[in-house]
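This is structure17.csv. It holds CSV, C-alpha atoms.
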```
chain,number,residue,atom,x,y,z
O,16,MET,CA,-119.5,-171.7,142.0
O,17,THR,CA,-122.1,-168.9,141.9
O,18,MET,CA,-121.0,-165.7,140.3
O,19,PHE,CA,-122.7,-162.3,140.6
O,20,ILE,CA,-122.2,-159.9,137.7
O,21,ALA,CA,-123.3,-156.3,137.9
O,22,LEU,CA,-123.4,-153.9,134.9
O,23,ASP,CA,-123.4,-150.2,135.1
O,24,VAL,CA,-124.7,-149.2,131.7
O,25,SER,CA,-124.1,-146.0,129.8
O,26,LEU,CA,-124.6,-145.1,126.2
O,27,GLU,CA,-121.2,-146.2,124.9
O,28,LYS,CA,-119.5,-148.2,127.6
O,29,THR,CA,-120.6,-150.6,130.3
O,30,ALA,CA,-118.7,-151.2,133.5
O,31,ILE,CA,-118.7,-154.8,134.6
O,32,CYS,CA,-118.0,-156.2,138.0
O,33,ILE,CA,-117.8,-159.9,138.5
O,34,MET,CA,-118.0,-161.0,142.1
O,35,SER,CA,-117.8,-164.4,143.8
O,36,ALA,CA,-120.2,-165.7,146.4
O,37,ASP,CA,-117.8,-164.7,149.2
O,38,GLY,CA,-117.7,-161.1,148.1
O,39,SER,CA,-114.3,-161.2,146.4
O,40,ILE,CA,-113.8,-159.4,143.1
O,41,ALA,CA,-113.0,-161.8,140.3
O,42,ALA,CA,-112.8,-159.1,137.6
O,43,GLU,CA,-113.6,-155.4,136.9
O,44,VAL,CA,-113.6,-154.5,133.2
O,45,THR,CA,-115.4,-152.3,130.7
O,46,ALA,CA,-117.1,-153.3,127.4
O,47,ALA,CA,-119.1,-151.7,124.6
O,48,SER,CA,-122.7,-151.4,125.5
O,49,GLU,CA,-123.7,-154.2,123.2
O,50,PRO,CA,-125.0,-157.6,124.4
O,51,GLU,CA,-122.5,-159.6,122.4
O,52,ALA,CA,-119.5,-157.6,123.7
O,53,ILE,CA,-120.7,-157.9,127.3
O,54,ALA,CA,-121.3,-161.6,127.0
O,55,ALA,CA,-117.8,-162.0,125.5
O,56,GLU,CA,-116.3,-160.6,128.7
O,57,PHE,CA,-118.3,-163.1,130.8
O,58,VAL,CA,-116.8,-165.9,128.7
O,59,ARG,CA,-113.3,-164.4,128.9
O,60,HIS,CA,-113.4,-164.3,132.7
O,61,GLY,CA,-115.0,-167.7,133.2
O,62,ALA,CA,-118.3,-166.2,134.5
O,63,ALA,CA,-120.6,-167.5,131.8
O,64,GLY,CA,-123.1,-170.3,132.5
O,65,PRO,CA,-126.2,-171.1,134.6
O,66,ASP,CA,-124.5,-170.3,137.9
O,67,ALA,CA,-123.9,-166.7,137.0
O,68,LEU,CA,-126.6,-164.1,137.9
O,69,VAL,CA,-126.4,-160.8,135.9
O,70,GLY,CA,-128.0,-157.6,137.4
O,71,LEU,CA,-128.3,-154.1,135.9
O,72,GLU,CA,-130.3,-151.0,136.8
O,73,ALA,CA,-133.6,-150.8,135.0
O,74,GLY,CA,-133.9,-148.4,132.0
O,75,PRO,CA,-134.7,-148.3,128.3
O,76,LEU,CA,-131.1,-149.2,127.2
O,77,SER,CA,-130.8,-151.7,130.0
O,78,GLU,CA,-134.0,-153.5,128.9
O,79,TRP,CA,-132.5,-154.0,125.4
O,80,ILE,CA,-129.2,-155.2,126.8
O,81,ALA,CA,-131.0,-157.5,129.3
O,82,ARG,CA,-133.1,-159.0,126.5
O,83,GLY,CA,-130.0,-159.5,124.3
O,84,LEU,CA,-128.1,-161.2,127.1
O,85,ALA,CA,-131.1,-163.5,127.9
O,86,ASP,CA,-131.2,-164.5,124.2
O,87,LEU,CA,-127.5,-165.5,124.6
O,88,GLY,CA,-128.3,-167.7,127.6
O,89,ALA,CA,-127.5,-165.5,130.5
O,90,SER,CA,-129.7,-165.3,133.7
O,91,VAL,CA,-130.5,-161.6,133.9
O,92,THR,CA,-132.5,-159.5,136.3
O,93,LEU,CA,-133.4,-155.8,136.2
O,94,MET,CA,-132.9,-153.9,139.5
O,95,GLU,CA,-135.3,-151.1,140.7
O,96,THR,CA,-133.7,-147.7,140.0
O,97,ARG,CA,-134.7,-145.7,143.1
O,98,GLN,CA,-133.5,-148.4,145.5
O,99,ILE,CA,-130.2,-148.8,143.7
O,100,ARG,CA,-129.5,-145.0,143.7
O,101,ALA,CA,-130.4,-144.7,147.3
O,102,ALA,CA,-128.1,-147.5,148.3
O,103,LEU,CA,-125.2,-146.1,146.2
O,104,SER,CA,-125.7,-142.5,147.3
O,105,SER,CA,-123.5,-143.0,150.4
O,106,MET,CA,-120.4,-143.6,148.2
O,107,VAL,CA,-117.7,-140.9,148.7
O,108,VAL,CA,-116.3,-141.4,145.2
O,109,LYS,CA,-118.8,-142.0,142.5
O,110,SER,CA,-117.6,-143.7,139.4
O,111,ASP,CA,-118.9,-146.3,136.9
O,112,ARG,CA,-116.5,-148.8,138.4
O,113,ASN,CA,-117.6,-148.2,142.0
O,114,ASP,CA,-121.3,-148.2,141.0
O,115,ALA,CA,-120.9,-151.6,139.3
O,116,ARG,CA,-119.1,-152.9,142.4
O,117,GLY,CA,-121.8,-151.6,144.7
O,118,MET,CA,-124.5,-153.2,142.6
O,119,ALA,CA,-122.6,-156.5,142.6
O,120,HIS,CA,-122.8,-156.4,146.5
O,121,LEU,CA,-126.5,-155.7,146.4
O,122,LEU,CA,-127.0,-158.5,143.9
O,123,ARG,CA,-125.0,-160.9,146.1
O,124,MET,CA,-126.9,-160.0,149.2
O,125,GLY,CA,-130.3,-160.0,147.5
O,126,TRP,CA,-130.9,-156.4,148.6
O,127,PHE,CA,-132.7,-155.3,145.5
O,128,ARG,CA,-136.2,-155.2,144.0
O,129,PRO,CA,-136.5,-157.0,140.7
O,130,VAL,CA,-138.2,-155.1,137.8
O,131,HIS,CA,-140.3,-156.8,135.1
O,132,LEU,CA,-138.6,-157.1,131.7
O,133,LYS,CA,-141.3,-156.0,129.3
O,134,SER,CA,-142.1,-158.0,126.2
O,135,MET,CA,-141.4,-156.5,122.8
O,136,ASP,CA,-145.1,-155.9,122.2
O,137,ALA,CA,-145.4,-153.9,125.4
O,138,ARG,CA,-142.2,-151.9,124.5
O,139,GLU,CA,-143.7,-151.1,121.1
O,140,GLN,CA,-147.0,-150.0,122.7
O,141,ARG,CA,-145.1,-147.8,125.2
O,142,ALA,CA,-143.1,-146.2,122.4
O,143,LEU,CA,-146.3,-145.3,120.6
O,144,LEU,CA,-147.7,-143.7,123.8
O,145,SER,CA,-144.5,-141.8,124.5
O,146,ALA,CA,-144.3,-140.5,120.9
O,147,ARG,CA,-147.9,-139.3,121.2
O,148,THR,CA,-147.2,-137.6,124.6
O,149,THR,CA,-144.2,-135.8,123.1
O,150,LEU,CA,-146.2,-134.4,120.2
O,151,ALA,CA,-149.1,-133.4,122.5
O,152,ARG,CA,-146.7,-131.5,124.9
O,153,ARG,CA,-144.9,-129.7,122.0
O,154,LEU,CA,-148.3,-128.7,120.6
O,155,LYS,CA,-149.3,-127.3,123.9
O,156,ASP,CA,-146.0,-125.5,124.3
O,157,ILE,CA,-146.4,-123.7,121.0
O,158,GLU,CA,-150.0,-122.7,121.8
O,159,ASN,CA,-148.9,-121.3,125.2
O,160,SER,CA,-146.0,-119.5,123.6
O,161,VAL,CA,-148.2,-117.8,121.0
O,162,ARG,CA,-150.6,-116.7,123.7
O,163,GLY,CA,-147.7,-115.3,125.8
O,164,LEU,CA,-146.3,-113.4,122.8
O,165,LEU,CA,-149.7,-111.9,122.0
O,166,ARG,CA,-150.2,-110.9,125.6
O,167,GLY,CA,-147.2,-108.6,125.5
O,168,PHE,CA,-149.0,-106.6,122.8
O,169,GLY,CA,-152.3,-106.5,124.7
O,170,LEU,CA,-153.8,-109.1,122.4
O,171,LYS,CA,-155.8,-112.0,123.8
O,172,LEU,CA,-157.0,-115.2,122.0
O,173,GLY,CA,-159.6,-116.1,124.6
O,174,ALA,CA,-161.3,-119.5,124.6
O,175,VAL,CA,-161.0,-121.0,121.2
O,176,GLY,CA,-161.4,-124.5,119.8
O,177,ARG,CA,-158.6,-126.5,118.2
O,178,ARG,CA,-160.1,-126.2,114.7
O,179,ARG,CA,-160.5,-122.4,114.8
O,180,TRP,CA,-157.2,-121.7,116.6
O,181,GLU,CA,-155.2,-120.7,113.5
O,182,ASP,CA,-157.9,-118.5,112.1
O,183,ARG,CA,-158.3,-116.8,115.5
O,184,VAL,CA,-154.5,-116.1,115.7
O,185,ARG,CA,-154.5,-114.6,112.2
O,186,ASP,CA,-157.5,-112.5,113.0
O,187,VAL,CA,-155.9,-111.1,116.1
O,188,VAL,CA,-152.6,-110.1,114.4
O,189,SER,CA,-154.2,-108.9,111.1
O,190,GLY,CA,-153.4,-105.3,111.9
O,191,HIS,CA,-149.8,-106.1,113.0
O,192,PRO,CA,-147.7,-107.2,109.9
O,193,THR,CA,-144.5,-107.6,111.8
O,194,LEU,CA,-146.1,-109.7,114.6
O,195,SER,CA,-147.9,-111.7,111.9
O,196,ALA,CA,-144.6,-112.5,110.2
O,197,ILE,CA,-143.1,-113.5,113.6
O,198,LEU,CA,-146.0,-115.8,114.5
O,199,GLU,CA,-146.6,-117.5,111.2
O,200,PRO,CA,-143.7,-120.0,111.6
O,201,LEU,CA,-145.2,-121.0,115.0
O,202,VAL,CA,-148.6,-121.4,113.4
O,203,ALA,CA,-147.1,-123.5,110.6
O,204,ALA,CA,-145.2,-125.7,113.1
O,205,ARG,CA,-148.4,-126.2,115.1
O,206,THR,CA,-150.2,-127.3,112.0
O,207,ALA,CA,-147.6,-129.9,111.2
O,208,LEU,CA,-147.6,-131.1,114.8
O,209,LEU,CA,-151.4,-131.4,114.8
O,210,GLU,CA,-151.3,-133.4,111.6
O,211,GLN,CA,-148.7,-135.9,112.9
O,212,LEU,CA,-150.5,-136.1,116.3
O,213,GLY,CA,-153.6,-137.1,114.4
O,214,ARG,CA,-151.7,-139.9,112.6
O,215,LEU,CA,-150.5,-141.2,115.9
O,216,ASP,CA,-154.0,-141.0,117.4
O,217,GLU,CA,-155.3,-143.1,114.5
O,218,ARG,CA,-152.5,-145.6,115.0
O,219,LEU,CA,-153.2,-145.8,118.7
O,220,LEU,CA,-156.9,-146.4,118.2
O,221,ALA,CA,-156.2,-149.1,115.6
O,222,VAL,CA,-153.8,-150.9,118.0
O,223,ALA,CA,-156.4,-150.7,120.9
O,224,ARG,CA,-159.2,-152.0,118.7
O,225,GLU,CA,-157.0,-154.9,117.4
O,226,ASP,CA,-155.9,-155.9,120.9
O,227,PRO,CA,-158.4,-158.1,122.8
O,228,VAL,CA,-157.1,-157.1,126.2
O,229,CYS,CA,-157.6,-153.4,125.4
O,230,ARG,CA,-161.1,-154.0,124.1
O,231,LEU,CA,-161.9,-155.8,127.4
O,232,LEU,CA,-160.5,-153.0,129.5
O,233,MET,CA,-162.4,-150.4,127.6
O,234,THR,CA,-165.7,-151.9,128.8
O,235,ALA,CA,-164.9,-150.2,132.1
O,236,PRO,CA,-166.2,-146.6,132.6
O,237,GLY,CA,-163.7,-143.8,132.0
O,238,VAL,CA,-161.3,-146.2,130.2
O,239,GLY,CA,-160.6,-145.2,126.6
O,240,ALA,CA,-158.0,-146.3,124.2
O,241,VAL,CA,-155.1,-144.3,125.8
O,242,VAL,CA,-155.9,-145.5,129.3
O,243,ALA,CA,-156.4,-149.1,128.3
O,244,LEU,CA,-153.2,-149.2,126.2
O,245,THR,CA,-151.2,-147.4,128.9
O,246,PHE,CA,-152.3,-150.0,131.5
O,247,ARG,CA,-151.8,-152.9,129.2
O,248,ALA,CA,-148.3,-151.9,128.2
O,249,ALA,CA,-147.2,-151.3,131.8
O,250,VAL,CA,-148.7,-154.5,133.3
O,251,ASP,CA,-147.7,-156.6,130.3
O,252,ASP,CA,-148.1,-159.9,132.1
O,253,PRO,CA,-150.9,-159.9,134.7
O,254,ALA,CA,-149.6,-163.2,136.2
O,255,ARG,CA,-146.6,-161.4,137.6
O,256,PHE,CA,-148.9,-159.9,140.3
O,257,ARG,CA,-149.8,-162.5,143.0
O,258,SER,CA,-152.9,-160.4,143.8
O,259,SER,CA,-154.8,-157.6,142.0
O,260,LYS,CA,-154.3,-155.5,145.2
O,261,ALA,CA,-150.6,-155.2,144.3
O,262,ILE,CA,-151.5,-152.9,141.4
O,263,GLY,CA,-151.8,-149.9,143.8
O,264,PRO,CA,-148.4,-150.2,145.4
O,265,CYS,CA,-146.7,-151.1,142.1
O,266,PHE,CA,-147.8,-147.8,140.5
O,267,GLY,CA,-147.5,-145.6,143.5
O,268,LEU,CA,-151.1,-145.1,144.4
O,269,THR,CA,-150.9,-146.2,148.1
O,270,PRO,CA,-149.9,-143.9,151.0
O,271,ARG,CA,-146.4,-143.8,152.4
O,272,ARG,CA,-145.8,-144.3,156.1
O,273,TYR,CA,-143.2,-142.8,158.5
O,274,GLN,CA,-142.9,-144.6,161.8
O,275,SER,CA,-140.1,-144.0,164.3
O,276,GLY,CA,-140.4,-144.4,168.1
O,277,GLU,CA,-143.6,-142.7,169.2
O,278,THR,CA,-144.0,-141.1,165.7
O,279,ASP,CA,-146.3,-142.8,163.3
O,280,ARG,CA,-147.6,-140.8,160.4
O,281,SER,CA,-149.5,-141.7,157.2
O,282,LEU,CA,-148.1,-139.6,154.3
O,283,GLY,CA,-149.1,-138.9,150.7
O,284,ILE,CA,-149.0,-141.6,148.0
O,285,SER,CA,-145.6,-143.0,147.2
O,286,LYS,CA,-145.6,-142.1,143.5
O,287,ALA,CA,-143.5,-145.1,142.8
O,288,GLY,CA,-143.4,-147.0,139.5
O,289,ASP,CA,-144.8,-145.9,136.2
O,290,ALA,CA,-146.1,-142.3,136.3
O,291,ALA,CA,-148.0,-142.7,133.0
O,292,VAL,CA,-150.2,-145.4,134.5
O,293,ARG,CA,-150.8,-143.3,137.6
O,294,GLN,CA,-151.9,-140.4,135.5
O,295,ALA,CA,-154.0,-142.5,133.2
O,296,LEU,CA,-155.9,-144.1,136.1
O,297,PHE,CA,-156.4,-140.7,137.8
O,298,THR,CA,-157.8,-139.3,134.5
O,299,ALA,CA,-160.2,-142.2,134.3
O,300,ALA,CA,-161.2,-141.6,137.9
O,301,HIS,CA,-161.9,-137.9,137.1
O,302,VAL,CA,-164.1,-138.9,134.1
O,303,ILE,CA,-166.1,-141.4,136.3
O,304,MET,CA,-166.7,-138.8,139.0
O,305,ASN,CA,-167.3,-135.7,136.8
O,306,SER,CA,-168.5,-136.8,133.3
O,307,ILE,CA,-170.5,-140.0,133.6
O,308,ARG,CA,-174.0,-139.3,134.6
O,309,ARG,CA,-175.0,-142.9,135.1
O,310,GLY,CA,-174.9,-144.0,138.7
O,311,PHE,CA,-173.3,-147.3,139.7
O,312,ALA,CA,-171.6,-148.8,142.8
O,313,LEU,CA,-168.0,-147.7,142.0
O,314,LYS,CA,-169.0,-144.1,141.3
O,315,ASN,CA,-171.3,-143.9,144.4
O,316,TRP,CA,-168.4,-145.3,146.6
O,317,ALA,CA,-166.1,-142.6,145.2
O,318,HIS,CA,-168.6,-139.8,146.0
O,319,THR,CA,-168.9,-141.2,149.5
O,320,VAL,CA,-165.1,-141.0,150.0
O,321,ALA,CA,-165.2,-137.5,148.6
O,322,ALA,CA,-167.7,-136.3,151.1
O,323,ARG,CA,-165.5,-137.7,153.9
O,324,ALA,CA,-162.0,-137.0,152.7
O,325,GLY,CA,-162.2,-134.5,149.9
O,326,VAL,CA,-162.5,-134.8,146.1
O,327,LYS,CA,-158.7,-135.2,145.3
O,328,ARG,CA,-158.2,-138.0,147.8
O,329,ALA,CA,-161.4,-139.7,146.5
O,330,LYS,CA,-160.0,-139.6,142.9
O,331,VAL,CA,-156.8,-141.1,144.0
O,332,ALA,CA,-158.7,-143.9,145.9
O,333,LEU,CA,-160.9,-144.4,142.9
O,334,ALA,CA,-157.8,-144.6,140.6
O,335,ARG,CA,-156.3,-147.3,142.9
O,336,ARG,CA,-159.5,-149.3,143.0
O,337,LEU,CA,-160.0,-149.0,139.2
O,338,GLY,CA,-156.5,-150.4,138.7
O,339,VAL,CA,-157.4,-153.4,140.8
O,340,ILE,CA,-160.6,-153.9,138.9
O,341,LEU,CA,-158.9,-153.7,135.5
O,342,HIS,CA,-156.3,-156.2,136.5
O,343,ARG,CA,-159.0,-158.6,137.8
O,344,MET,CA,-161.0,-158.2,134.6
O,345,TRP,CA,-157.8,-159.0,132.6
O,346,VAL,CA,-157.1,-162.1,134.7
O,347,ASP,CA,-160.7,-163.4,134.7
O,348,GLY,CA,-161.5,-162.3,131.1
O,349,THR,CA,-164.7,-160.7,132.2
O,350,VAL,CA,-166.2,-157.3,131.2
O,351,PHE,CA,-167.0,-154.6,133.6
O,352,ARG,CA,-170.3,-155.1,135.5
O,353,TYR,CA,-172.3,-152.0,136.5
O,354,ALA,CA,-173.4,-153.3,139.8
```
With the file now loaded, output its structure as C-alpha cells.
Amino acid sequence: MTMFIALDVSLEKTAICIMSADGSIAAEVTAASEPEAIAAEFVRHGAAGPDALVGLEAGPLSEWIARGLADLGASVTLMETRQIRAALSSMVVKSDRNDARGMAHLLRMGWFRPVHLKSMDAREQRALLSARTTLARRLKDIENSVRGLLRGFGLKLGAVGRRRWEDRVRDVVSGHPTLSAILEPLVAARTALLEQLGRLDERLLAVAREDPVCRLLMTAPGVGAVVALTFRAAVDDPARFRSSKAIGPCFGLTPRRYQSGETDRSLGISKAGDAAVRQALFTAAHVIMNSIRRGFALKNWAHTVAARAGVKRAKVALARRLGVILHRMWVDGTVFRYA
C-alpha cells in the first residue's frame, strides 16, 4: 500500500505526517531533525520501504535531511517552497503538525513542483559563493557607514579606489583626533574583511579554473569565474532540463501573465527560482552591452531590442538568452561562437 510521508522541518524538531493513499492519517509524530531519527519513525509506524514517498519543503537543512534519508533507502522529493506556502496560507490555525498534514495532502494529490536535490559538489560551490557574497556585503556596509559618519561632520571621501581608501580616510580625519579614534576600528575591520575576501576570491578562481564546465562557460562573453560558478552550481545537472529554453522560467527571467475574463496582461518577470543566477546573468548581459567593444550577433540583437523596448528590458532578454546559450554549450560541450 502506497504511503505518503510529509516532513515539516525545523532546526531541532521535525513534524511527521504519514498518510495512506485514501487520505486517512496513519500517524502524526515528531522526531529530532536528524535523518536517522526520522527514518526510525518510518520503521516504527510501518511506513518504510519502496512504496513510501517522502516529501519536504526545499531548504538548506531540508537538502541535508533529504540526502541522508535517500542514503538510508527512502524515496525523497523536495517540494517547491513558494507553492507550498501559498497552498498552506489558507489554514486558520498554523502549526507544524497542520503544515505537515497539509503537505501530505499535496504530496498525495501530486499538487507540488519538485525541486532538484543538488549534488555535494554543487552545494560546496554554492557555499563558497555565499560566503564571498556575505563578506562583500559587509565590506560595502562598513564603507558606506564610514562615509555616512564623515558626512555628519561635513567631511567627504569622494571617489577613491579600494587600495587608497584607508589612506584617504586617515587624511580626511587627520585634524579630528576623536573622530579618528572612532573610525579606526571600522578601518581595521574593513582591512580584515578585505584580506579574507581576497582569500575567497583566490579560492573561487582556483575552483573555476579546475572545473572543466566553468572553463567552457567562461568562453562566452561577459561570463567570468563568478558568473560561471554561480550558473554551474545552480544548474548542477543539465540533463534535468528537457530543453535549454526552460532555463528562463526556472530562474525567473520570463514574464508573468494575468488572464481573467476579458483581462489579459503581460506583467514583469516572475523572479522565481535562484536569485543569484538571475543577478549573475543580468550582470553578464550588462557587461556584453556596455563593456565589450567587439560586435557580434548576440550583442547586436540586444541593442536592437533596446532600441525597441528600452535598455533594461533588453538586458533582461539578453540575460535569458545567455542562460539558454550557456546551458546548450554545457550539453553539447562546445565553446561560444562569435557569429
Who sits within 8 Å of O:Leu212, all atoms listed in the file, same chain under 5 positions skipped, as a PyMOL selection string: chain O and resi 147+150-151
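Taking atom CA of O:Ala146 and atom CA of O:Val222 as endpoints, the distance between them is 14.4 Å.
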O:Ser48 environment, 10 Å, all atoms listed in the file, sequence neighbours closer than 3 positions dropped, as a list of chain:residue names: O:Leu22, O:Asp23, O:Val24, O:Ser25, O:Leu26, O:Glu27, O:Lys28, O:Thr29, O:Ala30, O:Thr45, O:Glu51, O:Ala52, O:Ile53, O:Leu76, O:Ser77, O:Ile80
For stretch 135-138 of chain O, take all atoms listed in the file, fit an axis-aligned box around them, add 6 Å to each of the six sides, then output centre and edge lengths in Å rounded to one decimal, as JSON.
```
{"center_x": -143.4, "center_y": -154.2, "center_z": 123.8, "size_x": 16.0, "size_y": 16.6, "size_z": 15.2}
```
Atomic distance atom CA of O:Thr234 - atom CA of O:Arg218, expressed in Å with one decimal: 20.1 Å
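Shortest atom-to-atom contact with O:Leu84 among O:Ala196, O:Ala63, O:Val331, O:Ala137: O:Ala63, counting all atoms listed in the file.
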Selection: 7 Å around O:Ala21, all atoms listed in the file, excl. self and same-chain fewer than 6 positions, as a count of residues only: 9
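Within the 12 Å cut-off around O:Asp136, using only C-alpha atoms and omitting residues fewer than 2 positions from it on the same chain, the listed residues are Leu132, Lys133, Ser134, Arg138, Glu139, Gln140, Arg141, Ala142, Leu143, Val222, Asp226, Leu244, Arg247, Ala248, Ala249, Val250, Asp251 and Asp252 of chain O.
With atom CA of O:His301 on one side and atom CA of O:Leu232 on the other, the separation reads 17.0 Å.
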10 Å contact set for stretch 179-194 of chain O, only C-alpha atoms, chain neighbours under 6 positions out, as a PyMOL selection string: chain O and resi 158+161-162+164-165+168+170-173+202-203+205-206
Selected residue of minimal separation from O:Ala235 among O:Val175, O:Val346, O:Ile303, O:Ala41, counting only C-alpha atoms: O:Ile303
With only C-alpha atoms counted and 10 Å as the cut-off, give the residues of stretch 20-58 of chain O in contact with stretch 88-91 of chain O, each with its shortest interatomic distance in Å and the pair that gives it, as CSV.
```
residue,atom,partner,partner_atom,distance
O:Ile20,CA,O:Val91,CA,9.3
O:Ala21,CA,O:Val91,CA,9.8
O:Ala54,CA,O:Ala89,CA,8.1
O:Phe57,CA,O:Ala89,CA,9.5
```
Please rebuild stretch 305-313 of chain O with all heavy atoms and return the result as a compact mmCIF listing (two decimals), keeping the file's coordinate frame.
```
# COMPACT_ATOMS: atom_id res chain seq x y z
N ASN O 305 -166.87 -137.02 137.27
CA ASN O 305 -167.30 -135.70 136.80
C ASN O 305 -168.11 -135.78 135.47
O ASN O 305 -168.88 -134.86 135.18
CB ASN O 305 -166.15 -134.77 136.59
CG ASN O 305 -165.51 -134.38 137.90
OD1 ASN O 305 -165.37 -135.22 138.78
ND2 ASN O 305 -165.12 -133.14 138.06
N SER O 306 -167.90 -136.80 134.66
CA SER O 306 -168.50 -136.80 133.30
C SER O 306 -169.51 -137.85 133.05
O SER O 306 -170.28 -137.74 132.10
CB SER O 306 -167.34 -136.90 132.27
OG SER O 306 -166.41 -135.84 132.42
N ILE O 307 -169.51 -138.91 133.82
CA ILE O 307 -170.50 -140.00 133.60
C ILE O 307 -171.68 -139.77 134.49
O ILE O 307 -171.57 -139.73 135.71
CB ILE O 307 -169.82 -141.37 133.90
CG1 ILE O 307 -168.64 -141.61 132.95
CG2 ILE O 307 -170.84 -142.49 133.77
CD1 ILE O 307 -167.92 -142.92 133.19
N ARG O 308 -172.82 -139.61 133.85
CA ARG O 308 -174.00 -139.30 134.60
C ARG O 308 -174.65 -140.56 135.25
O ARG O 308 -175.30 -140.47 136.28
CB ARG O 308 -175.08 -138.67 133.68
CG ARG O 308 -174.63 -137.29 133.17
CD ARG O 308 -175.74 -136.66 132.35
NE ARG O 308 -175.36 -135.33 131.87
CZ ARG O 308 -176.16 -134.55 131.14
NH1 ARG O 308 -177.37 -134.99 130.80
NH2 ARG O 308 -175.74 -133.36 130.75
N ARG O 309 -174.42 -141.68 134.62
CA ARG O 309 -175.00 -142.90 135.10
C ARG O 309 -174.48 -143.25 136.51
O ARG O 309 -173.27 -143.18 136.77
CB ARG O 309 -174.71 -144.06 134.15
CG ARG O 309 -175.21 -145.41 134.61
CD ARG O 309 -174.83 -146.47 133.56
NE ARG O 309 -175.29 -147.80 133.96
CZ ARG O 309 -175.13 -148.89 133.23
NH1 ARG O 309 -174.53 -148.80 132.05
NH2 ARG O 309 -175.56 -150.06 133.65
N GLY O 310 -175.36 -143.61 137.40
CA GLY O 310 -174.90 -144.00 138.70
C GLY O 310 -174.66 -145.49 138.82
O GLY O 310 -175.41 -146.30 138.26
N PHE O 311 -173.59 -145.88 139.49
CA PHE O 311 -173.30 -147.30 139.70
C PHE O 311 -172.42 -147.37 140.98
O PHE O 311 -171.96 -146.36 141.53
CB PHE O 311 -172.57 -147.92 138.51
CG PHE O 311 -171.39 -147.15 138.00
CD1 PHE O 311 -170.10 -147.47 138.37
CD2 PHE O 311 -171.58 -146.09 137.11
CE1 PHE O 311 -169.02 -146.76 137.89
CE2 PHE O 311 -170.50 -145.38 136.61
CZ PHE O 311 -169.21 -145.71 137.00
N ALA O 312 -172.19 -148.58 141.47
CA ALA O 312 -171.60 -148.80 142.80
C ALA O 312 -170.23 -148.11 142.93
O ALA O 312 -169.95 -147.47 143.95
CB ALA O 312 -171.49 -150.28 143.08
N LEU O 313 -169.38 -148.25 141.92
CA LEU O 313 -168.00 -147.70 142.00
C LEU O 313 -168.07 -146.17 142.11
O LEU O 313 -167.35 -145.57 142.92
CB LEU O 313 -167.21 -148.13 140.78
CG LEU O 313 -165.73 -147.75 140.78
CD1 LEU O 313 -165.01 -148.41 141.94
CD2 LEU O 313 -165.08 -148.15 139.45
```
